[in-house]
Structures are given as C-alpha cells and as structure tokens.
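Below is target27.tsv, holding TSV, C-alpha atoms and all ligand atoms.
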chain	number	residue	atom	x	y	z
A	1	PHE	CA	-2.07	25.10	-11.81
A	2	ASN	CA	-3.07	21.57	-12.74
A	3	ALA	CA	-6.54	21.13	-14.22
A	4	GLY	CA	-6.54	17.31	-14.51
A	5	PRO	CA	-9.61	15.18	-13.70
A	6	LEU	CA	-8.49	14.89	-10.07
A	7	HIS	CA	-7.86	18.61	-9.67
A	8	GLY	CA	-8.10	19.55	-6.00
A	9	VAL	CA	-8.78	15.98	-4.83
A	10	ARG	CA	-6.79	15.15	-1.67
A	11	VAL	CA	-5.24	11.70	-1.87
A	12	VAL	CA	-3.32	9.83	0.83
A	13	LEU	CA	-1.17	7.03	-0.59
A	14	THR	CA	0.99	4.50	1.30
A	15	ALA	CA	4.07	2.91	-0.28
A	16	GLY	CA	7.08	0.79	0.51
A	17	PRO	CA	7.69	-1.80	3.21
A	18	THR	CA	7.25	-1.48	6.96
A	19	ARG	CA	10.00	-2.40	9.41
A	20	GLU	CA	9.15	-4.12	12.67
A	21	ALA	CA	11.94	-3.75	15.23
A	22	ILE	CA	13.51	-6.82	16.88
A	23	ASP	CA	16.08	-4.76	18.79
A	24	PRO	CA	17.78	-1.38	18.15
A	25	VAL	CA	19.66	-2.74	15.10
A	26	ARG	CA	17.49	-5.50	13.64
A	27	TYR	CA	14.04	-5.68	12.08
A	28	ILE	CA	11.55	-7.84	10.17
A	29	SER	CA	10.53	-6.49	6.78
A	30	ASN	CA	9.75	-7.51	3.18
A	31	ARG	CA	11.04	-6.95	-0.34
A	32	SER	CA	8.93	-3.92	-1.28
A	33	SER	CA	11.03	-1.18	-2.91
A	34	GLY	CA	8.24	1.41	-2.99
A	35	LYS	CA	8.51	1.73	-6.80
A	36	MET	CA	4.86	0.83	-7.56
A	37	GLY	CA	3.48	3.21	-4.93
A	38	TYR	CA	5.80	6.10	-5.83
A	39	ALA	CA	4.93	5.72	-9.53
A	40	LEU	CA	1.23	5.82	-8.63
A	41	ALA	CA	1.75	8.89	-6.42
A	42	ALA	CA	3.37	10.65	-9.39
A	43	ALA	CA	0.62	9.53	-11.80
A	44	LEU	CA	-2.20	10.71	-9.49
A	45	GLN	CA	-0.39	14.02	-8.94
A	46	ALA	CA	-0.13	14.40	-12.74
A	47	LEU	CA	-3.94	14.08	-12.92
A	48	GLY	CA	-4.25	17.07	-10.58
A	49	ALA	CA	-4.53	15.32	-7.20
A	50	ASN	CA	-2.99	16.76	-4.07
A	51	VAL	CA	-1.00	13.71	-2.92
A	52	THR	CA	0.39	12.91	0.55
A	53	LEU	CA	2.76	9.94	0.32
A	54	LEU	CA	3.17	7.95	3.54
A	55	SER	CA	6.38	6.05	2.92
A	56	GLY	CA	8.18	3.18	4.57
A	57	PRO	CA	11.97	3.11	4.11
A	58	THR	CA	12.92	3.28	0.39
A	59	ASN	CA	15.83	4.54	-1.74
A	60	LEU	CA	13.52	6.56	-3.99
A	61	SER	CA	13.29	10.29	-4.44
A	62	THR	CA	10.00	12.04	-3.75
A	63	PRO	CA	7.91	12.64	-6.91
A	64	ALA	CA	7.70	16.35	-7.78
A	65	GLY	CA	4.77	18.11	-6.15
A	66	VAL	CA	4.06	15.26	-3.70
A	67	LEU	CA	4.18	15.72	0.08
A	68	ARG	CA	6.10	12.84	1.67
A	69	VAL	CA	5.95	11.62	5.27
A	70	ASP	CA	8.53	8.97	6.30
A	71	LEU	CA	7.76	6.25	8.81
A	72	GLU	CA	8.86	2.73	9.70
A	73	SER	CA	6.40	0.44	11.46
A	74	ALA	CA	2.83	-0.63	10.71
A	75	GLU	CA	1.68	1.09	13.90
A	76	GLN	CA	3.28	4.36	12.76
A	77	LEU	CA	1.68	3.89	9.34
A	78	LEU	CA	-1.73	3.49	10.99
A	79	GLU	CA	-1.24	6.62	13.09
A	80	GLU	CA	-0.06	8.74	10.13
A	81	SER	CA	-2.82	7.36	7.89
A	82	LEU	CA	-5.59	8.24	10.32
A	83	ARG	CA	-4.07	11.71	10.76
A	84	ALA	CA	-3.64	12.29	7.00
A	85	VAL	CA	-7.10	11.14	5.87
A	86	ALA	CA	-8.84	13.90	7.80
A	87	GLY	CA	-10.03	16.12	4.94
A	88	ALA	CA	-8.95	13.69	2.20
A	89	GLN	CA	-11.26	12.18	-0.43
A	90	MET	CA	-9.17	9.16	-1.41
A	91	PHE	CA	-6.85	6.61	0.24
A	92	VAL	CA	-4.60	4.26	-1.73
A	93	GLY	CA	-2.78	1.43	0.09
A	94	ALA	CA	0.21	0.31	-1.99
A	95	ALA	CA	2.43	-0.31	1.05
A	96	ALA	CA	3.49	-3.84	1.92
A	97	VAL	CA	2.47	-3.69	5.57
A	98	ALA	CA	3.88	-6.35	7.90
A	99	ASP	CA	1.00	-8.41	9.25
A	100	TYR	CA	2.91	-9.16	12.47
A	101	ARG	CA	5.28	-7.24	14.75
A	102	VAL	CA	7.70	-8.45	17.40
A	103	ASP	CA	5.92	-8.62	20.75
A	104	MET	CA	8.50	-6.91	22.93
A	105	PRO	CA	11.40	-5.43	20.93
A	106	ALA	CA	14.59	-5.55	23.05
A	107	ASP	CA	15.95	-2.21	24.34
A	108	GLU	CA	19.52	-3.39	23.82
A	109	LYS	CA	21.11	-5.40	21.01
A	110	ILE	CA	20.30	-9.08	21.57
A	111	LYS	CA	23.43	-11.14	22.30
A	112	LYS	CA	23.85	-14.53	20.70
A	113	ALA	CA	23.56	-17.38	23.18
A	114	ASP	CA	21.67	-20.59	22.49
A	115	ALA	CA	21.72	-22.48	19.18
A	116	THR	CA	18.14	-21.43	18.44
A	117	MET	CA	16.04	-18.48	19.50
A	118	SER	CA	12.35	-17.65	19.16
A	119	LEU	CA	10.51	-14.43	18.58
A	120	THR	CA	6.90	-14.00	19.60
A	121	LEU	CA	4.90	-12.01	17.05
A	122	SER	CA	1.58	-10.19	17.46
A	123	ARG	CA	-0.89	-9.22	14.77
A	124	ASN	CA	-0.49	-5.72	13.41
A	125	PRO	CA	-3.51	-3.51	12.79
A	126	ASP	CA	-4.95	-3.62	9.26
A	127	VAL	CA	-4.29	-0.06	8.16
A	128	ILE	CA	-6.57	0.09	5.13
A	129	ALA	CA	-9.47	-1.57	6.98
A	130	ALA	CA	-9.07	0.91	9.87
A	131	VAL	CA	-9.04	3.86	7.46
A	132	ARG	CA	-12.21	2.59	5.79
A	133	GLN	CA	-13.86	2.19	9.21
A	134	ARG	CA	-12.87	5.74	10.13
A	135	ASP	CA	-14.47	7.28	7.02
A	136	ALA	CA	-17.18	5.47	5.06
A	137	LYS	CA	-17.19	8.19	2.36
A	138	LEU	CA	-13.51	7.95	1.40
A	139	PHE	CA	-12.75	6.33	-1.98
A	140	VAL	CA	-10.41	3.52	-0.91
A	141	VAL	CA	-8.11	1.65	-3.30
A	142	GLY	CA	-6.17	-1.37	-2.04
A	143	PHE	CA	-3.54	-3.65	-3.52
A	144	ALA	CA	-3.42	-7.42	-3.22
A	145	ALA	CA	-0.11	-9.31	-3.37
A	146	GLU	CA	-0.81	-12.95	-4.13
A	147	THR	CA	1.16	-16.12	-4.88
A	148	GLU	CA	-1.99	-18.15	-5.70
A	149	LYS	CA	-5.67	-17.69	-6.65
A	150	LEU	CA	-5.12	-14.04	-7.55
A	151	ALA	CA	-8.68	-13.10	-8.55
A	152	GLU	CA	-10.37	-15.05	-5.75
A	153	HIS	CA	-8.13	-13.66	-3.01
A	154	ALA	CA	-8.25	-10.11	-4.39
A	155	ARG	CA	-12.06	-10.14	-4.59
A	156	ALA	CA	-12.23	-11.49	-1.02
A	157	LYS	CA	-10.02	-8.58	0.16
A	158	LEU	CA	-12.14	-6.08	-1.80
A	159	GLU	CA	-15.20	-7.35	0.05
A	160	ARG	CA	-13.73	-7.94	3.52
A	161	LYS	CA	-11.93	-4.60	3.74
A	162	LYS	CA	-14.87	-2.74	2.09
A	163	LEU	CA	-12.66	-1.24	-0.64
A	164	ASP	CA	-13.85	0.61	-3.73
A	165	MET	CA	-11.17	-0.94	-5.95
A	166	ILE	CA	-8.30	-3.38	-5.63
A	167	ALA	CA	-5.19	-3.78	-7.79
A	168	ALA	CA	-3.90	-7.34	-7.62
A	169	ASN	CA	-0.44	-8.53	-8.58
A	170	TRP	CA	1.29	-11.88	-8.69
A	171	VAL	CA	4.29	-11.77	-6.33
A	172	GLY	CA	7.25	-13.96	-5.43
A	173	HIS	CA	9.58	-15.83	-7.78
A	174	GLY	CA	10.90	-12.56	-9.22
A	175	ARG	CA	7.52	-10.88	-9.72
A	176	ALA	CA	6.32	-7.39	-8.72
A	177	PHE	CA	8.45	-6.79	-5.59
A	178	ASP	CA	11.55	-4.67	-6.25
A	179	ARG	CA	11.25	-4.77	-10.04
A	180	ASP	CA	10.81	-2.01	-12.60
A	181	ASP	CA	7.89	-3.76	-14.31
A	182	ASN	CA	4.66	-5.38	-13.16
A	183	ALA	CA	1.19	-6.49	-14.31
A	184	LEU	CA	-2.07	-5.73	-12.51
A	185	SER	CA	-5.61	-7.11	-12.41
A	186	ILE	CA	-8.02	-4.47	-11.16
A	187	PHE	CA	-11.32	-5.41	-9.53
A	188	TRP	CA	-14.25	-3.34	-8.32
A	189	ASN	CA	-17.87	-4.03	-7.61
A	190	GLY	CA	-19.30	-4.82	-11.03
A	191	GLY	CA	-16.14	-4.71	-13.10
A	192	GLU	CA	-12.55	-5.68	-13.74
A	193	ARG	CA	-9.65	-4.68	-15.99
A	194	GLU	CA	-6.39	-6.39	-16.93
A	195	LEU	CA	-3.31	-4.17	-17.17
A	196	PRO	CA	-0.67	-6.33	-18.89
A	197	GLN	CA	3.06	-6.38	-18.11
A	198	ALA	CA	4.61	-2.92	-18.47
A	199	SER	CA	6.93	-0.56	-16.62
A	200	LYS	CA	5.59	0.48	-13.24
A	201	SER	CA	5.38	4.09	-14.43
A	202	GLU	CA	3.27	3.10	-17.46
A	203	LEU	CA	1.06	0.84	-15.31
A	204	ALA	CA	0.70	3.61	-12.75
A	205	ARG	CA	-0.57	6.00	-15.45
A	206	GLN	CA	-3.16	3.43	-16.60
A	207	LEU	CA	-4.21	2.63	-13.04
A	208	ALA	CA	-4.42	6.32	-12.11
A	209	SER	CA	-6.79	7.07	-15.00
A	210	LEU	CA	-8.95	4.07	-14.09
A	211	ILE	CA	-9.01	5.26	-10.46
A	212	ALA	CA	-10.01	8.77	-11.61
A	213	GLU	CA	-12.80	7.30	-13.78
A	214	ARG	CA	-14.23	5.18	-10.94
A	215	PHE	CA	-13.77	7.96	-8.37
A	216	LEU	CA	-15.66	10.49	-10.51
A	217	ALA	CA	-18.38	7.92	-11.31
A	218	ALA	CA	-18.82	7.18	-7.57
A	219	ARG	CA	-19.07	10.88	-6.77
A	220	ASN	CA	-21.84	11.56	-9.30
A	301	LIG	O1	7.14	-1.70	-3.68
A	301	LIG	P1	7.43	-2.48	-4.94
A	301	LIG	O2	8.77	-3.17	-4.90
A	301	LIG	O3	7.25	-1.63	-6.19
A	301	LIG	O4	6.34	-3.67	-5.04
A	301	LIG	C1	4.99	-3.34	-5.21
A	301	LIG	C2	4.07	-4.18	-4.32
A	301	LIG	C3	4.13	-5.64	-4.77
A	301	LIG	C4	4.50	-4.07	-2.84
A	301	LIG	C5	2.63	-3.57	-4.50
A	301	LIG	O5	2.25	-3.66	-5.85
A	301	LIG	C6	1.61	-4.30	-3.61
A	301	LIG	O6	1.04	-5.32	-3.97
A	301	LIG	N1	1.36	-3.71	-2.40
A	301	LIG	C7	0.50	-4.33	-1.38
A	301	LIG	C8	1.27	-5.41	-0.69
A	301	LIG	C9	0.45	-6.08	0.39
A	301	LIG	O7	0.75	-5.93	1.55
A	301	LIG	O8	-0.60	-6.76	-0.03
A	301	LIG	P2	-1.62	-7.63	0.89
A	301	LIG	O9	-2.38	-8.45	-0.07
A	301	LIG	O10	-0.85	-8.28	2.01
A	301	LIG	O11	-2.55	-6.51	1.54
A	301	LIG	C10	-3.80	-6.13	1.00
A	301	LIG	C11	-4.05	-4.64	1.24
A	301	LIG	O12	-4.18	-4.40	2.64
A	301	LIG	C12	-2.97	-3.71	0.72
A	301	LIG	O13	-3.58	-2.54	0.22
A	301	LIG	C13	-2.15	-3.41	1.98
A	301	LIG	O14	-1.52	-2.11	1.90
A	301	LIG	C14	-3.22	-3.43	3.07
A	301	LIG	N2	-2.74	-3.85	4.39
A	301	LIG	C15	-2.23	-5.09	4.60
A	301	LIG	C16	-1.86	-5.49	5.87
A	301	LIG	C17	-1.99	-4.58	6.94
A	301	LIG	N3	-1.63	-4.91	8.18
A	301	LIG	N4	-2.49	-3.35	6.72
A	301	LIG	C18	-2.87	-2.97	5.46
A	301	LIG	O15	-3.34	-1.84	5.26
This entry written out as structure tokens:
Amino acid sequence: FNAGPLHGVRVVLTAGPTREAIDPVRYISNRSSGKMGYALAAALQALGANVTLLSGPTNLSTPAGVLRVDLESAEQLLEESLRAVAGAQMFVGAAAVADYRVDMPADEKIKKADATMSLTLSRNPDVIAAVRQRDAKLFVVGFAAETEKLAEHARAKLERKKLDMIAANWVGHGRAFDRDDNALSIFWNGGERELPQASKSELARQLASLIAERFLAARN
C-alpha cells in the first residue's frame, strides 16, 4: 500500500528514443537513453501513482512496481499511448519521438549501389498533441529538448500542444541525452521553476513532487 500524494492516480509515461525503420536491419533514431523518463516513472510511482511506462528501446531495467510496454516506432508509440490513456488521469511525454519516419521502409536489406542514396521522410504524428486532443481532462506534462532559446521554445510548445506543464532541457554538446545528470526549467501557465544540475534520479524526485503539486491544484 502506498499512500503518497498521487495514490491511485493512473499515469502513462513515455520514455526513450523511437526507431524508424529504413529496412529490416537499419533505422533512424536519436541519442535518448531513457534514463530521464525511467527515473521519473520511478519517482511518480514512489508518490503512489500507478505508472504505465511506454518505452522505446533502452538498456534499462523496469523500475519496481511500474508496468512497462516496449515499442519501437512513433506510430506504435501513438497507438499504445491512445490505448493506455483510457482511464488514466495523467500523461507524461519524456520520450524523444522521431519527428519523421522513412516513407517506404524496404522489405529486404538495401544493397549498396550508387555513390549517394536518398531517403524520403514523412512527418510522424505528434503523440502528446494527439493524446491531449483525445482527452481534454488529462493532466499532460511534456518535455522540451532545445539547443537554443530554451524558455521561448518551451513556452511555445506548452501553448501549441495545450500542455499543463513542460520540463525543458538544454541538449546537444554533451547535455541531457544519455547522461546521468541534467538540469530542467519547468514552465506552466502562470509559473516556472528552475531545477539546477543534479542526478536524473534527484531531478526526477523534484519534478515528480512539482507535478503532484500542480496536478492536485488543478483537480481542486
Ligand atoms: O533519455 P535520456 O538520455 O535520459 O535523455 C532525456 C531527454 C533529453 C530525451 C528528455 O529529457 C527529453 O527532453 N525528452 C523529450 C525529447 C523531445 O523529443 O523533445 P521535443 O522538444 O522534440 O518534443 C516536445 C514534446 O513533444 C515532448 O514531450 C515529446 O515527447 C513530444 N513529442 C515530440 C514529437 C512527436 N512526434 N511526438 C511527441 O509526442
């Protein structure tokens, strides 16, 4: 029995990278390790939440007490997200979702031929925006990975995707992706909070209690 502030709250959380197939053996992906999302899944679970973790490919073990669903592509993430949010009260998007997928992945391994080759990419669905559209009452927390204008871009995403909160991090040049530490700037309508550089597990605990605070305030 866990009587934390999120006791009984059903949370769906996405973590890790997506993989977009080029052919049966190759894919397009990104440097997300899943560490930030897994740490947050554990921290929300520790506050009493009932967490379903929708995970792209990672080398991490499932946090105790968390239900994990493995998937690869953005389209699979969308499908699993829409399935999982039925009956949930909160959605957290920590996954680094590929914005584009390969138009027509080859059925067989592509043979090398010409000196150059081109891939045509199509836009992937925006998972967190689709989840918000599906359920206006869900408490939705996004992340923003930025290499410039962190606050401006994060606030624009908060607005455009109709999120309740957004956790922004500086990425690239050895920051955030695939590291054990991070720093976050959290924005919501009417407020913000800086969480300075710390281990991802420490940051996740701070972010989880801020999420619980805002979630409970929104519910009352
Ligand atoms: O996994 P780690 O190695 O620990 O690294 C952590 C992290 C840097 C991946 C994490 O902290 C992080 O920032 N995750 C979000 C990465 C991202 O895709 O950010 P974005 O700014 O491109 O997307 C904004 C939001 O929209 C995110 O909540 C994202 O999950 C969501 N999104 C984006 C694109 C898309 N097609 N569908 C989405 O749902």
Completion exercise
Using only C-alpha atoms and all ligand atoms, the residue out of A:Phe139, A:Tyr38, A:Phe215, A:Trp188 with shortest distance to ligand LIG 301 (chain A) is A:Tyr38
Exercise for the section: Could you check which of A:Leu78, A:Val11, A:Ala212, A:Met36 is closest to ligand LIG 301 (chain A), using all atoms listed in the file? Expected result: A:Met36
Exercise for the section: Write out as a VMD selection string each polymer residue whose atoms come within 7 Å of stretch 88-94 of chain A, counting only C-alpha atoms; drop sequence neighbours fewer than 5 positions from it. Expected result: chain A and resid 9 to 15 37 128 138 to 143
Exercise for the section: Enter the distance from atom CA of A:Glu202 to atom CA of A:Ala154, in Å, rounded to one decimal. Expected result: 21.9 Å
Practice task
Mind checking which residues fall within 12 Å of A:Ala168, counting all atoms listed in the file, ignoring those fewer than 2 positions away in the same chain, and posting them as number ranges by chain?
Solution key: A: 36, 93-94, 141-158, 165-166, 170-171, 176, 182-188, 192-196, 207
Limited to C-alpha atoms, could you put the picked residues into a file as a short mmCIF file (atom, residue, chain, number, x, y, z; two decimals), in the coordinates of the input?
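As written to disk, again_14.cif reads:
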data_model
loop_
_atom_site.label_atom_id
_atom_site.label_comp_id
_atom_site.auth_asym_id
_atom_site.auth_seq_id
_atom_site.Cartn_x
_atom_site.Cartn_y
_atom_site.Cartn_z
CA MET A 36 4.86 0.83 -7.56
CA GLY A 93 -2.78 1.43 0.09
CA ALA A 94 0.21 0.31 -1.99
CA VAL A 141 -8.11 1.65 -3.30
CA GLY A 142 -6.17 -1.37 -2.04
CA PHE A 143 -3.54 -3.65 -3.52
CA ALA A 144 -3.42 -7.42 -3.22
CA ALA A 145 -0.11 -9.31 -3.37
CA GLU A 146 -0.81 -12.95 -4.13
CA THR A 147 1.16 -16.12 -4.88
CA GLU A 148 -1.99 -18.15 -5.70
CA LYS A 149 -5.67 -17.69 -6.65
CA LEU A 150 -5.12 -14.04 -7.55
CA ALA A 151 -8.68 -13.10 -8.55
CA GLU A 152 -10.37 -15.05 -5.75
CA HIS A 153 -8.13 -13.66 -3.01
CA ALA A 154 -8.25 -10.11 -4.39
CA ARG A 155 -12.06 -10.14 -4.59
CA ALA A 156 -12.23 -11.49 -1.02
CA LYS A 157 -10.02 -8.58 0.16
CA LEU A 158 -12.14 -6.08 -1.80
CA MET A 165 -11.17 -0.94 -5.95
CA ILE A 166 -8.30 -3.38 -5.63
CA TRP A 170 1.29 -11.88 -8.69
CA VAL A 171 4.29 -11.77 -6.33
CA ALA A 176 6.32 -7.39 -8.72
CA ASN A 182 4.66 -5.38 -13.16
CA ALA A 183 1.19 -6.49 -14.31
CA LEU A 184 -2.07 -5.73 -12.51
CA SER A 185 -5.61 -7.11 -12.41
CA ILE A 186 -8.02 -4.47 -11.16
CA PHE A 187 -11.32 -5.41 -9.53
CA TRP A 188 -14.25 -3.34 -8.32
CA GLU A 192 -12.55 -5.68 -13.74
CA ARG A 193 -9.65 -4.68 -15.99
CA GLU A 194 -6.39 -6.39 -16.93
CA LEU A 195 -3.31 -4.17 -17.17
CA PRO A 196 -0.67 -6.33 -18.89
CA LEU A 207 -4.21 2.63 -13.04
#
Exercise for the section: Mind giving me the straight-line distance from atom C3 of ligand LIG 301 (chain A) to atom CA of A:Glu80 in Å, one decimal? Expected result: 21.1 Å
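Using only C-alpha atoms, the shortest contact distance between A:Asp23 and any of A:Ala208, A:Ala46, A:Ala130, A:Leu119 is found at A:Leu119.
For the set A:Ala43, A:Ile28, A:Leu77, A:Leu163, the residue with the smallest atom-to-atom gap to A:Ala129 is A:Leu163, counting only C-alpha atoms.
Of the listed residues A:Asp70, A:Asp114, A:Glu79, A:Asp178, the one whose atoms come nearest to ligand LIG 301 (chain A) is A:Asp178, with distances taken using all atoms listed in the file.
Residues lying at most 10 Å from (2.4, 12.5, 3.9) in file coordinates, with only C-alpha atoms considered, are A:Val11, A:Val12, A:Leu13, A:Thr14, A:Val51, A:Thr52, A:Leu53, A:Leu54, A:Ser55, A:Val66, A:Leu67, A:Arg68, A:Val69, A:Asp70, A:Leu71, A:Glu80, A:Ser81, A:Arg83, A:Ala84, A:Val85.
With distances restricted to all atoms listed in the file, A:Gly34 is the closest residue to ligand LIG 301 (chain A) from A:Gly34, A:Pro5, A:Pro17, A:Pro63.
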Problem - Distance in Å - atom C14 of ligand LIG 301 (chain A) versus atom CA of A:Ser199 - result: 22.3 Å
Handout entry: A:Glu108 surroundings by only C-alpha atoms, 10 Å radius, close-in-sequence under 5 positions cut, as a ChimeraX atom specification
Key = /A:22-25
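The point (-6.8, 7.7, -16.3) has these residues within 10 Å of it, counting all atoms listed in the file: Gly4, Pro5, Leu6, Ala43, Leu44, Leu47, Ala204, Arg205, Gln206, Leu207, Ala208, Ser209, Leu210, Ile211, Ala212, Glu213 and Arg214 of chain A.
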